[in-house]
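Printed here is model-v1.txt (compact mmCIF, C-alpha atoms):
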```txt
# COMPACT_ATOMS: atom_id res chain seq x y z
CA MET C 263 -9.87 -87.28 -205.96
CA ASN C 264 -12.27 -90.19 -206.03
CA ILE C 265 -12.55 -92.39 -209.10
CA SER C 266 -15.46 -94.72 -209.74
CA MET C 267 -15.65 -97.20 -212.56
CA ILE C 268 -19.19 -98.02 -213.55
CA LYS C 269 -19.53 -101.35 -215.27
CA LYS C 270 -22.52 -103.16 -216.57
CA ILE C 271 -23.95 -106.57 -215.77
CA LYS C 272 -26.13 -107.89 -218.56
CA GLU C 273 -29.56 -109.40 -218.15
CA ASP C 274 -28.08 -112.89 -218.19
CA GLY C 275 -25.82 -111.98 -215.25
CA SER C 276 -22.61 -111.82 -217.23
CA PRO C 277 -20.41 -108.70 -217.40
CA CYS C 278 -20.53 -106.72 -220.62
CA ARG C 279 -17.64 -107.55 -222.89
CA LYS C 280 -16.27 -104.03 -223.11
CA CYS C 281 -16.36 -103.55 -219.34
CA ALA C 282 -14.43 -106.76 -218.77
CA GLU C 283 -11.93 -105.75 -221.40
CA VAL C 284 -11.32 -102.28 -219.96
CA GLU C 285 -10.94 -103.73 -216.47
CA LEU C 286 -8.39 -106.20 -217.80
CA ARG C 287 -6.49 -103.44 -219.58
CA LEU C 288 -6.34 -101.42 -216.37
CA LYS C 289 -5.10 -104.43 -214.42
CA GLU C 290 -2.50 -105.33 -217.03
CA ALA C 291 -1.22 -101.75 -216.93
CA GLY C 292 -1.05 -101.85 -213.13
CA LEU C 293 -3.60 -99.05 -212.89
CA PHE C 294 -6.61 -100.81 -211.44
CA ASN C 295 -5.58 -99.87 -207.90
CA ARG C 296 -6.13 -96.23 -208.90
CA ILE C 297 -9.86 -96.96 -209.15
CA ASP C 298 -11.43 -96.27 -205.77
CA GLN C 299 -14.58 -98.25 -206.34
CA VAL C 300 -16.37 -100.27 -208.96
CA ILE C 301 -20.08 -99.60 -209.20
CA ILE C 302 -22.39 -102.02 -210.93
CA ALA C 303 -25.04 -101.01 -213.41
CA ASP C 304 -27.17 -104.14 -213.35
CA GLU C 305 -29.63 -104.48 -216.22
CA ARG C 306 -31.71 -106.77 -214.02
CA ASP C 307 -31.99 -104.11 -211.37
CA PRO C 308 -32.98 -100.65 -212.59
CA ASP C 309 -32.36 -99.33 -209.08
CA SER C 310 -28.76 -100.49 -208.97
CA ALA C 311 -26.31 -97.71 -208.17
CA GLY C 312 -24.71 -97.79 -211.60
CA MET C 313 -28.03 -97.45 -213.39
CA HIS C 314 -28.86 -94.45 -211.23
CA LEU C 315 -25.51 -92.82 -212.08
CA ALA C 316 -25.99 -93.52 -215.79
CA ALA C 317 -29.36 -91.80 -215.64
CA GLN C 318 -28.07 -88.95 -213.53
CA TYR C 319 -25.19 -88.16 -215.88
CA GLU C 320 -27.04 -89.19 -219.03
CA VAL C 321 -24.47 -91.79 -220.00
CA ASP C 322 -25.62 -94.38 -222.48
CA ARG C 323 -22.70 -96.78 -222.58
CA ALA C 324 -20.56 -98.81 -220.27
CA PRO C 325 -18.07 -98.72 -218.85
CA PHE C 326 -17.69 -95.15 -217.79
CA PHE C 327 -15.68 -93.37 -215.15
CA LEU C 328 -16.89 -90.83 -212.63
CA VAL C 329 -14.15 -88.57 -211.29
CA GLU C 330 -14.95 -86.45 -208.26
CA LYS C 331 -12.70 -83.78 -206.84
CA GLU C 332 -13.46 -81.55 -203.93
CA GLY C 333 -14.62 -78.14 -205.05
CA GLU C 334 -15.06 -79.22 -208.67
CA ALA C 335 -17.96 -80.51 -210.70
CA PRO C 336 -17.85 -84.29 -211.22
CA ARG C 337 -16.40 -85.35 -214.56
CA ILE C 338 -17.56 -88.29 -216.64
CA TYR C 339 -15.29 -90.20 -218.99
CA THR C 340 -16.68 -92.65 -221.50
CA VAL C 341 -13.51 -92.77 -223.60
CA TYR C 342 -10.93 -94.99 -221.96
CA LEU C 343 -7.87 -93.41 -223.55
CA LYS C 344 -8.98 -89.93 -222.58
CA PHE C 345 -9.50 -91.13 -219.02
CA LEU C 346 -6.01 -92.66 -219.03
CA LYS C 347 -4.42 -89.45 -220.22
CA GLU C 348 -6.37 -86.82 -218.32
CA VAL C 349 -7.03 -88.56 -215.04
CA LEU C 350 -4.39 -91.22 -214.55
CA GLY C 351 -1.74 -89.17 -216.32
CA THR C 352 -0.48 -92.04 -218.40
CA THR C 353 -0.39 -92.86 -222.07
CA ALA C 354 -1.99 -95.75 -223.84
CA SER C 355 -0.11 -98.52 -225.56
CA GLU C 356 0.18 -98.37 -229.34
CA GLN C 357 -2.18 -101.34 -229.45
CA ASP C 358 -4.80 -99.52 -227.40
CA GLU C 359 -4.43 -96.44 -229.55
CA ALA C 360 -4.90 -98.47 -232.72
CA LYS C 361 -8.07 -100.01 -231.39
CA ASP C 362 -9.30 -96.63 -230.31
CA ILE C 363 -8.68 -95.21 -233.78
CA LEU C 364 -10.78 -98.00 -235.26
CA GLU C 365 -13.59 -97.52 -232.77
CA LYS C 366 -13.76 -93.83 -233.55
CA ASN C 367 -13.38 -94.32 -237.29
CA PRO C 368 -15.45 -97.33 -238.35
CA ASP C 369 -14.97 -96.31 -241.98
CA LEU C 370 -11.44 -97.73 -241.66
CA ASP C 371 -13.00 -101.17 -241.44
CA PHE C 372 -13.21 -101.32 -245.18
CA LEU C 373 -9.61 -100.54 -246.05
CA MET D 284 6.76 -82.92 -249.74
CA SER D 285 3.59 -81.10 -250.64
CA ARG D 286 3.62 -79.30 -253.96
CA ASN D 287 0.99 -76.87 -252.78
CA LYS D 288 1.35 -75.54 -249.27
CA ASN D 289 -1.86 -73.59 -249.66
CA PHE D 290 -4.06 -76.54 -250.55
CA ASP D 291 -7.51 -75.60 -249.26
CA VAL D 292 -9.11 -78.86 -248.20
CA GLU D 293 -12.60 -77.56 -247.56
CA GLN D 294 -12.77 -75.57 -250.76
CA MET D 295 -11.50 -78.50 -252.81
CA ALA D 296 -13.98 -80.84 -251.12
CA ARG D 297 -16.82 -78.59 -252.20
CA GLU D 298 -15.44 -77.95 -255.65
CA TYR D 299 -14.70 -81.60 -256.46
CA MET D 300 -17.66 -83.21 -254.70
CA HIS D 301 -19.32 -84.35 -257.89
CA ARG D 302 -16.31 -84.56 -260.16
CA ASP D 303 -15.20 -87.74 -261.80
CA PRO D 304 -12.84 -89.87 -259.65
CA ALA D 305 -10.09 -89.46 -262.26
CA GLU D 306 -10.26 -85.69 -261.83
CA ILE D 307 -10.03 -86.05 -258.07
CA LEU D 308 -7.01 -88.29 -258.51
CA LYS D 309 -5.45 -85.69 -260.78
CA LEU D 310 -6.04 -83.09 -258.08
CA ALA D 311 -4.42 -85.34 -255.49
CA LEU D 312 -1.42 -86.38 -257.52
CA GLY D 313 -0.96 -82.86 -258.85
CA ASN D 314 -0.82 -81.30 -255.42
CA PHE D 315 1.07 -83.87 -253.42
CA GLU D 316 4.30 -85.66 -254.25
CA ASN D 317 4.49 -87.65 -251.05
CA ILE D 318 1.20 -89.45 -251.58
CA ALA D 319 0.16 -93.09 -251.94
CA ILE D 320 -2.88 -95.17 -252.77
CA SER D 321 -4.12 -97.66 -250.20
CA PHE D 322 -5.08 -100.81 -252.10
CA SER D 323 -7.17 -103.41 -250.29
CA GLY D 324 -6.97 -106.09 -252.94
CA ALA D 325 -10.59 -105.67 -253.95
CA GLU D 326 -12.48 -103.40 -256.34
CA ASP D 327 -10.50 -100.34 -255.30
CA VAL D 328 -8.14 -101.55 -258.02
CA VAL D 329 -9.99 -99.01 -260.19
CA LEU D 330 -8.04 -96.28 -258.39
CA ILE D 331 -4.79 -97.81 -259.54
CA ASP D 332 -6.10 -98.15 -263.08
CA MET D 333 -7.05 -94.47 -263.13
CA ALA D 334 -3.93 -93.27 -261.32
CA VAL D 335 -1.34 -94.94 -263.55
CA LYS D 336 -2.81 -93.01 -266.46
CA ILE D 337 -1.88 -89.83 -264.59
CA ASN D 338 1.36 -91.04 -263.03
CA PRO D 339 2.64 -94.47 -264.13
CA LYS D 340 4.87 -94.57 -261.05
CA VAL D 341 2.19 -93.77 -258.50
CA ASN D 342 2.93 -95.09 -255.01
CA VAL D 343 0.68 -97.93 -253.86
CA PHE D 344 0.64 -99.80 -250.57
CA SER D 345 -1.38 -102.71 -249.32
CA LEU D 346 -1.96 -103.95 -245.79
CA ASP D 347 -1.08 -107.62 -245.49
CA THR D 348 -2.82 -108.67 -242.31
CA GLY D 349 -1.53 -112.22 -242.64
CA ARG D 350 -5.11 -113.48 -242.83
CA LEU D 351 -6.08 -112.56 -246.39
CA HIS D 352 -7.51 -115.09 -248.81
CA PRO D 353 -4.99 -116.81 -251.10
CA GLU D 354 -7.01 -115.29 -253.96
CA THR D 355 -6.30 -111.82 -252.61
CA TYR D 356 -2.58 -112.45 -252.38
CA ARG D 357 -2.63 -113.71 -255.95
CA PHE D 358 -4.59 -110.66 -257.01
CA ILE D 359 -2.16 -108.22 -255.39
CA GLU D 360 0.61 -109.95 -257.31
CA GLN D 361 -1.44 -109.80 -260.50
CA VAL D 362 -1.94 -106.06 -260.05
CA ARG D 363 1.76 -105.58 -259.38
CA ASN D 364 2.60 -107.30 -262.66
CA HIS D 365 -0.25 -105.84 -264.71
CA TYR D 366 0.56 -102.24 -263.85
CA ARG D 367 4.29 -102.81 -263.30
CA LEU D 368 4.08 -101.16 -259.91
CA PRO D 369 6.23 -101.97 -256.88
CA ILE D 370 3.34 -102.32 -254.41
CA ASP D 371 4.51 -101.74 -250.85
CA VAL D 372 3.04 -104.65 -248.88
CA LEU D 373 2.94 -103.77 -245.19
CA SER D 374 3.04 -106.39 -242.42
CA PRO D 375 1.93 -106.13 -238.79
CA ASP D 376 4.46 -105.48 -236.06
CA GLN D 377 5.80 -108.94 -235.33
CA ALA D 378 6.24 -108.57 -231.58
CA ALA D 379 2.76 -107.06 -231.07
CA LEU D 380 1.15 -109.72 -233.21
CA GLU D 381 2.93 -112.60 -231.51
CA LYS D 382 1.94 -111.29 -228.09
CA PHE D 383 -1.66 -110.88 -229.18
CA VAL D 384 -1.92 -114.37 -230.69
CA ARG D 385 -0.16 -115.95 -227.72
CA GLU D 386 -2.62 -114.35 -225.31
CA LYS D 387 -5.83 -114.46 -227.31
CA GLY D 388 -5.38 -117.12 -229.95
CA LEU D 389 -6.05 -116.93 -233.66
CA TYR D 390 -9.80 -116.40 -233.61
CA SER D 391 -10.44 -114.03 -230.69
CA PHE D 392 -12.45 -111.72 -232.95
CA TYR D 393 -15.40 -114.13 -232.94
CA LYS D 394 -15.69 -113.58 -229.19
CA ASP D 395 -14.15 -110.18 -228.52
CA GLY D 396 -15.02 -108.39 -231.74
CA HIS D 397 -12.71 -107.61 -234.62
CA LYS D 398 -11.33 -104.25 -233.56
CA GLU D 399 -8.47 -105.47 -231.41
CA CYS D 400 -7.24 -107.80 -234.13
CA CYS D 401 -7.72 -105.19 -236.86
CA GLY D 402 -5.96 -102.66 -234.65
CA ILE D 403 -2.81 -104.77 -234.59
CA ARG D 404 -2.94 -106.27 -238.07
CA LYS D 405 -4.18 -103.23 -239.94
CA VAL D 406 -4.27 -99.94 -238.06
CA MET D 407 -0.80 -100.07 -236.48
CA PRO D 408 1.03 -100.69 -239.77
CA LEU D 409 -1.26 -98.21 -241.50
CA ARG D 410 -0.46 -95.50 -238.99
CA LYS D 411 3.25 -96.19 -239.31
CA LYS D 412 2.99 -95.84 -243.08
CA LEU D 413 0.81 -92.72 -242.97
CA ASN D 414 3.29 -91.01 -240.66
CA THR D 415 5.65 -90.97 -243.65
CA LEU D 416 3.13 -89.45 -246.10
CA ASP D 417 1.57 -86.04 -246.69
CA ALA D 418 -1.56 -87.48 -248.25
CA TRP D 419 -3.17 -90.79 -249.06
CA ILE D 420 -5.88 -92.06 -251.34
CA THR D 421 -8.53 -94.59 -250.37
CA GLY D 422 -11.32 -96.44 -252.15
CA GLN D 423 -13.88 -95.58 -249.48
CA ARG D 424 -17.39 -95.02 -250.75
CA LYS D 425 -20.49 -93.65 -249.11
CA ASP D 426 -22.54 -96.66 -250.12
CA GLN D 427 -20.26 -99.23 -248.46
CA SER D 428 -21.78 -98.85 -245.03
CA PRO D 429 -24.74 -96.49 -244.85
CA GLY D 430 -24.49 -96.34 -241.07
CA THR D 431 -20.91 -95.15 -240.89
CA ARG D 432 -20.20 -93.51 -244.22
CA ALA D 433 -23.00 -91.05 -244.56
CA ASP D 434 -20.38 -88.36 -244.95
CA VAL D 435 -17.27 -89.26 -246.91
CA PRO D 436 -15.87 -86.10 -248.48
CA VAL D 437 -13.78 -86.56 -251.60
CA VAL D 438 -10.94 -84.81 -249.78
CA GLU D 439 -10.54 -84.16 -246.07
CA LYS D 440 -8.03 -83.57 -243.36
CA ASP D 441 -7.46 -87.00 -241.87
CA THR D 442 -8.35 -86.47 -238.23
CA ALA D 443 -7.64 -90.10 -237.34
CA PHE D 444 -3.98 -90.01 -238.31
CA SER D 445 -2.94 -86.37 -238.29
CA THR D 446 -0.88 -85.29 -235.30
CA ASP D 447 0.02 -81.93 -233.80
CA SER D 448 3.12 -81.86 -235.96
CA HIS D 449 1.89 -83.68 -239.04
CA THR D 450 -1.17 -82.88 -241.09
CA LEU D 451 -2.33 -85.70 -243.31
CA ILE D 452 -4.73 -85.20 -246.19
CA LYS D 453 -7.03 -88.01 -247.27
CA PHE D 454 -8.58 -88.33 -250.72
CA ASN D 455 -11.63 -90.53 -251.31
CA PRO D 456 -12.15 -90.25 -255.08
CA LEU D 457 -14.78 -92.98 -255.22
CA SER D 458 -16.87 -91.52 -252.41
CA PHE D 459 -19.83 -90.65 -254.59
CA TRP D 460 -19.62 -93.66 -256.86
CA THR D 461 -21.85 -96.64 -256.29
CA SER D 462 -20.71 -100.23 -256.39
CA ALA D 463 -22.47 -100.49 -259.78
CA GLN D 464 -20.40 -97.61 -261.17
CA VAL D 465 -17.19 -99.19 -259.94
CA TRP D 466 -18.08 -102.44 -261.66
CA GLN D 467 -19.10 -100.68 -264.83
CA TYR D 468 -15.64 -99.09 -264.90
CA ILE D 469 -13.97 -102.46 -264.29
CA ARG D 470 -15.84 -104.07 -267.18
CA GLU D 471 -15.48 -101.19 -269.61
CA ASN D 472 -11.77 -100.82 -268.98
CA ASP D 473 -10.94 -104.50 -268.69
CA VAL D 474 -9.49 -103.98 -265.23
CA PRO D 475 -8.26 -107.11 -263.44
CA TYR D 476 -10.29 -108.03 -260.37
CA ASN D 477 -10.11 -110.37 -257.42
CA GLU D 478 -11.48 -113.78 -258.40
CA LEU D 479 -13.42 -113.93 -255.10
CA HIS D 480 -15.90 -111.55 -256.68
CA ASN D 481 -16.90 -114.41 -259.00
CA GLU D 482 -17.91 -116.40 -255.92
CA GLY D 483 -20.33 -113.88 -254.46
CA TYR D 484 -17.94 -111.83 -252.34
CA ILE D 485 -18.52 -108.09 -252.56
CA SER D 486 -16.54 -106.56 -249.72
CA ILE D 487 -13.29 -108.46 -249.26
CA GLY D 488 -11.21 -108.39 -246.10
CA CYS D 489 -9.53 -111.09 -244.06
CA GLU D 490 -10.55 -114.67 -244.74
CA PRO D 491 -12.12 -115.46 -241.34
CA CYS D 492 -14.08 -112.20 -241.34
CA THR D 493 -15.44 -112.18 -244.88
CA ARG D 494 -18.17 -114.22 -246.49
CA PRO D 495 -20.09 -114.10 -249.74
CA VAL D 496 -23.48 -112.45 -249.70
CA LEU D 497 -26.72 -113.36 -251.37
CA PRO D 498 -28.39 -111.26 -254.07
CA ASN D 499 -29.75 -108.00 -252.61
CA GLN D 500 -27.85 -108.39 -249.37
CA HIS D 501 -25.76 -105.35 -248.52
CA GLU D 502 -22.02 -105.89 -248.78
CA ARG D 503 -21.69 -104.97 -245.10
CA GLU D 504 -23.48 -108.23 -244.31
CA GLY D 505 -20.48 -110.08 -245.64
CA ARG D 506 -18.19 -108.66 -242.95
CA TRP D 507 -18.20 -109.35 -239.18
CA TRP D 508 -21.73 -110.70 -239.44
CA TRP D 509 -21.59 -112.18 -235.94
CA GLU D 510 -21.02 -108.80 -234.28
CA ASP D 511 -24.33 -107.06 -234.65
CA ALA D 512 -25.65 -108.33 -231.36
CA THR D 513 -22.46 -108.40 -229.33
CA MET D 514 -21.34 -104.88 -230.26
CA LYS D 515 -24.51 -103.42 -228.90
CA GLU D 516 -24.26 -105.13 -225.56
CA CYS D 517 -22.56 -102.25 -223.77
CA GLY D 518 -25.42 -99.80 -224.13
CA LEU D 519 -26.77 -98.45 -220.87
CA HIS D 520 -30.45 -97.92 -221.20
CA ALA D 521 -30.85 -95.18 -218.66
CA GLY D 522 -34.08 -94.13 -220.35
CA ASN D 523 -35.60 -97.50 -219.54
CA LYS D 524 -34.61 -97.10 -215.93
CA GLN D 525 -36.20 -93.68 -215.75
CA LYS D 526 -39.40 -95.05 -217.20
CA LYS D 527 -39.45 -97.88 -214.71
CA THR D 528 -38.86 -95.65 -211.74
CA ALA D 529 -41.13 -92.85 -212.79
```

Taking this structure as input, can you express it in the form of structure tokens?
Amino acid sequence: MNISMIKKIKEDGSPCRKCAEVELRLKEAGLFNRIDQVIIADERDPDSAGMHLAAQYEVDRAPFFLVEKEGEAPRIYTVYLKFLKEVLGTTASEQDEAKDILEKNPDLDFL
Amino acid sequence: MSRNKNFDVEQMAREYMHRDPAEILKLALGNFENIAISFSGAEDVVLIDMAVKINPKVNVFSLDTGRLHPETYRFIEQVRNHYRLPIDVLSPDQAALEKFVREKGLYSFYKDGHKECCGIRKVMPLRKKLNTLDAWITGQRKDQSPGTRADVPVVEKDTAFSTDSHTLIKFNPLSFWTSAQVWQYIRENDVPYNELHNEGYISIGCEPCTRPVLPNQHEREGRWWWEDATMKECGLHAGNKQKKTA
């Protein structure tokens, strides 16, 4: 299995906030070494490898994960918690789950 | 415990879609014993006013994030006394909150967005509470955030908090009411309200994340106003790339 994390560099050269956050969460959980390579989608360079992958797999947000297994179709994960569970075989912290609930249910903002 | 094991959520959602909120509350309280109202300390107080007329001992809980305005704390207390209800005020998990503040400080939401902070201060205690209930009642309305609340059924299975072993039902009796209708009810029924509303606040949340709005501004503009640009920054514009390389 080969796992790629595609993260975005913004036009001003800084990493996108969400990408940096997900990378930090992976590192804090001791899981970053499970990522085989990090591929950059550079907004300043439409021909960067990450931008090509985003176009190829029709992904419209960063970061995302590309999981390749011999004999299987590549799988794309844009939801971090799903990636954690299905690919890395681990569970998210309660804190991560809470944030994920809020991201998926913005109506909860107004409680 | 549910009073009605055969409660048909989809049928009730259709049947009660345009009913008065008090009727929807009657449906909720009549079908579920283990049910509670989520009270934010703002204009959703109308739910409490309606509910106590059906069940004077209705269960009410409120999420104390630790960052509410003093006016909101005073209002929660006022509601407790006015309706003689033991409001269950829920606090964040102390260890999780301390770790978060130690690592990120007290105002990380201005840089990182509000969801991490809200997750700890609001969603975690909410989830813990909802795990103990069969149903809950919110003051969510379709008109609060046109972008995210286009579809707020008056009753639904709560997909955010239900688990494989626990189905949670969510009632939104005010879904089809407008802000103007809520305020008409407050005035006509002499319902107590948060004094922040007198100062131009419409939507009221935590103090650092809430501001008054000007006439004709949408209430959403009074919450997390700094995020509009930053929250969009993670979009990958593959379409642009295709155009450029075509």

Return the single residue from C:Gly292, C:Thr340, C:Glu334, C:Gln357 that is closest to Asp322 in chain C, with distances computed using only C-alpha atoms. C:Thr340

Can you tell me how far CA of Arg506 in chain D sits from CA of Asn414 in chain D, in Å to one decimal?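 Between these atoms lies a distance of 27.9 Å.
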
Can you work out the spacing between CA of Thr493 in chain D and CA of Cys401 in chain D in Å, to one decimal?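 It comes out at 13.1 Å.
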
Could you pull the residues within 9 Å of range 365-382 of chain D, counting all atoms listed in the file, minus those fewer than 6 positions along the same chain, as a list of chain:residue names?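 So the residues in contact are C:Gln357, D:Phe322, D:Ile331, D:Asp332, D:Val335, D:Pro339, D:Lys340, D:Val341, D:Asn342, D:Val343, D:Phe344, D:Ser345, D:Leu346, D:Asp347, D:Thr348, D:Gly349, D:Ile359, D:Cys400, D:Ile403, D:Arg404, D:Lys405, D:Val406, D:Met407, D:Pro408, D:Leu409, D:Lys412, D:Pro475.
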
Nearby residues (only C-alpha atoms) at most 12 Å from Ala296 in chain D, same-chain spacing under 5 positions excluded, as a PyMOL selection string: chain D and resi 290-291+301-302+307+310-311+434-440+452-456+458-459

Could you please tell me, as a ChimeraX atom specification, which residues of chain C have an atom within 10 Å of chain D when using only C-alpha atoms? /C:269-272,277-281,283,303-305,307-310,312-325,356-373

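Each of C:Leu328, C:Leu288, C:Arg306, C:Asn295 was checked against Gly275 in chain C using all atoms listed in the file; the smallest atom-to-atom distance is that of C:Arg306.
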
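Around His352 in chain D, within 8 Å and counting all atoms listed in the file, the residues found are Tyr356, Cys489 and Glu490 of chain D, once anything fewer than 4 positions away on its own chain is removed.
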
Can I get range 417-446 of chain D with N, CA and C atoms filled in, as a PDB file, in the frame of the given file?
```pdb
ATOM      1  N   ASP D 417       2.317 -87.298-246.829  1.00  0.00           N
ATOM      2  CA  ASP D 417       1.570 -86.040-246.690  1.00  0.00           C
ATOM      3  C   ASP D 417       0.102 -86.242-247.032  1.00  0.00           C
ATOM      4  N   ALA D 418      -0.170 -87.230-247.837  1.00  0.00           N
ATOM      5  CA  ALA D 418      -1.560 -87.480-248.250  1.00  0.00           C
ATOM      6  C   ALA D 418      -1.694 -88.933-248.677  1.00  0.00           C
ATOM      7  N   TRP D 419      -2.915 -89.426-248.586  1.00  0.00           N
ATOM      8  CA  TRP D 419      -3.170 -90.790-249.060  1.00  0.00           C
ATOM      9  C   TRP D 419      -4.522 -90.845-249.762  1.00  0.00           C
ATOM     10  N   ILE D 420      -4.688 -91.921-250.516  1.00  0.00           N
ATOM     11  CA  ILE D 420      -5.880 -92.060-251.340  1.00  0.00           C
ATOM     12  C   ILE D 420      -6.539 -93.401-251.003  1.00  0.00           C
ATOM     13  N   THR D 421      -7.829 -93.359-250.711  1.00  0.00           N
ATOM     14  CA  THR D 421      -8.530 -94.590-250.370  1.00  0.00           C
ATOM     15  C   THR D 421      -9.671 -94.850-251.357  1.00  0.00           C
ATOM     16  N   GLY D 422     -10.175 -96.074-251.315  1.00  0.00           N
ATOM     17  CA  GLY D 422     -11.320 -96.440-252.150  1.00  0.00           C
ATOM     18  C   GLY D 422     -12.635 -96.365-251.394  1.00  0.00           C
ATOM     19  N   GLN D 423     -12.663 -95.643-250.300  1.00  0.00           N
ATOM     20  CA  GLN D 423     -13.880 -95.580-249.480  1.00  0.00           C
ATOM     21  C   GLN D 423     -15.023 -94.933-250.251  1.00  0.00           C
ATOM     22  N   ARG D 424     -16.189 -95.545-250.082  1.00  0.00           N
ATOM     23  CA  ARG D 424     -17.390 -95.020-250.750  1.00  0.00           C
ATOM     24  C   ARG D 424     -18.508 -94.837-249.737  1.00  0.00           C
ATOM     25  N   LYS D 425     -19.364 -93.882-250.018  1.00  0.00           N
ATOM     26  CA  LYS D 425     -20.490 -93.650-249.110  1.00  0.00           C
ATOM     27  C   LYS D 425     -21.413 -94.848-249.019  1.00  0.00           C
ATOM     28  N   ASP D 426     -21.539 -95.594-250.106  1.00  0.00           N
ATOM     29  CA  ASP D 426     -22.540 -96.660-250.120  1.00  0.00           C
ATOM     30  C   ASP D 426     -22.030 -97.967-249.486  1.00  0.00           C
ATOM     31  N   GLN D 427     -20.771 -97.982-249.005  1.00  0.00           N
ATOM     32  CA  GLN D 427     -20.260 -99.230-248.460  1.00  0.00           C
ATOM     33  C   GLN D 427     -20.897 -99.585-247.122  1.00  0.00           C
ATOM     34  N   SER D 428     -21.158 -98.593-246.319  1.00  0.00           N
ATOM     35  CA  SER D 428     -21.780 -98.850-245.030  1.00  0.00           C
ATOM     36  C   SER D 428     -22.631 -97.637-244.677  1.00  0.00           C
ATOM     37  N   PRO D 429     -23.887 -97.670-245.033  1.00  0.00           N
ATOM     38  CA  PRO D 429     -24.740 -96.490-244.850  1.00  0.00           C
ATOM     39  C   PRO D 429     -24.682 -95.937-243.434  1.00  0.00           C
ATOM     40  N   GLY D 430     -24.487 -96.803-242.453  1.00  0.00           N
ATOM     41  CA  GLY D 430     -24.490 -96.340-241.070  1.00  0.00           C
ATOM     42  C   GLY D 430     -23.287 -95.507-240.717  1.00  0.00           C
ATOM     43  N   THR D 431     -22.127 -95.815-241.317  1.00  0.00           N
ATOM     44  CA  THR D 431     -20.910 -95.150-240.890  1.00  0.00           C
ATOM     45  C   THR D 431     -20.332 -94.224-241.943  1.00  0.00           C
ATOM     46  N   ARG D 432     -20.818 -94.305-243.169  1.00  0.00           N
ATOM     47  CA  ARG D 432     -20.200 -93.510-244.220  1.00  0.00           C
ATOM     48  C   ARG D 432     -21.164 -92.521-244.848  1.00  0.00           C
ATOM     49  N   ALA D 433     -22.038 -91.999-244.027  1.00  0.00           N
ATOM     50  CA  ALA D 433     -23.000 -91.050-244.560  1.00  0.00           C
ATOM     51  C   ALA D 433     -22.264 -89.840-245.120  1.00  0.00           C
ATOM     52  N   ASP D 434     -21.121 -89.520-244.510  1.00  0.00           N
ATOM     53  CA  ASP D 434     -20.380 -88.360-244.950  1.00  0.00           C
ATOM     54  C   ASP D 434     -18.943 -88.754-245.242  1.00  0.00           C
ATOM     55  N   VAL D 435     -18.646 -88.966-246.502  1.00  0.00           N
ATOM     56  CA  VAL D 435     -17.270 -89.260-246.910  1.00  0.00           C
ATOM     57  C   VAL D 435     -16.881 -88.217-247.953  1.00  0.00           C
ATOM     58  N   PRO D 436     -16.255 -87.129-247.506  1.00  0.00           N
ATOM     59  CA  PRO D 436     -15.870 -86.100-248.480  1.00  0.00           C
ATOM     60  C   PRO D 436     -14.827 -86.636-249.452  1.00  0.00           C
ATOM     61  N   VAL D 437     -14.762 -86.060-250.635  1.00  0.00           N
ATOM     62  CA  VAL D 437     -13.780 -86.560-251.600  1.00  0.00           C
ATOM     63  C   VAL D 437     -12.357 -86.180-251.182  1.00  0.00           C
ATOM     64  N   VAL D 438     -12.249 -85.128-250.374  1.00  0.00           N
ATOM     65  CA  VAL D 438     -10.940 -84.810-249.780  1.00  0.00           C
ATOM     66  C   VAL D 438     -11.195 -84.233-248.396  1.00  0.00           C
ATOM     67  N   GLU D 439     -10.348 -84.611-247.449  1.00  0.00           N
ATOM     68  CA  GLU D 439     -10.540 -84.160-246.070  1.00  0.00           C
ATOM     69  C   GLU D 439      -9.207 -84.178-245.337  1.00  0.00           C
ATOM     70  N   LYS D 440      -9.166 -83.422-244.262  1.00  0.00           N
ATOM     71  CA  LYS D 440      -8.030 -83.570-243.360  1.00  0.00           C
ATOM     72  C   LYS D 440      -8.272 -84.861-242.578  1.00  0.00           C
ATOM     73  N   ASP D 441      -7.278 -85.720-242.541  1.00  0.00           N
ATOM     74  CA  ASP D 441      -7.460 -87.000-241.870  1.00  0.00           C
ATOM     75  C   ASP D 441      -7.299 -86.824-240.361  1.00  0.00           C
ATOM     76  N   THR D 442      -8.414 -86.733-239.679  1.00  0.00           N
ATOM     77  CA  THR D 442      -8.350 -86.470-238.230  1.00  0.00           C
ATOM     78  C   THR D 442      -7.919 -87.704-237.448  1.00  0.00           C
ATOM     79  N   ALA D 443      -8.034 -88.874-238.054  1.00  0.00           N
ATOM     80  CA  ALA D 443      -7.640 -90.100-237.340  1.00  0.00           C
ATOM     81  C   ALA D 443      -6.125 -90.229-237.250  1.00  0.00           C
ATOM     82  N   PHE D 444      -5.421 -89.759-238.263  1.00  0.00           N
ATOM     83  CA  PHE D 444      -3.980 -90.010-238.310  1.00  0.00           C
ATOM     84  C   PHE D 444      -3.120 -88.744-238.318  1.00  0.00           C
ATOM     85  N   SER D 445      -3.742 -87.584-238.404  1.00  0.00           N
ATOM     86  CA  SER D 445      -2.940 -86.370-238.290  1.00  0.00           C
ATOM     87  C   SER D 445      -2.497 -86.206-236.841  1.00  0.00           C
ATOM     88  N   THR D 446      -1.364 -85.567-236.661  1.00  0.00           N
ATOM     89  CA  THR D 446      -0.880 -85.290-235.300  1.00  0.00           C
ATOM     90  C   THR D 446      -0.643 -83.781-235.179  1.00  0.00           C
TER      91      THR D 446
END
```
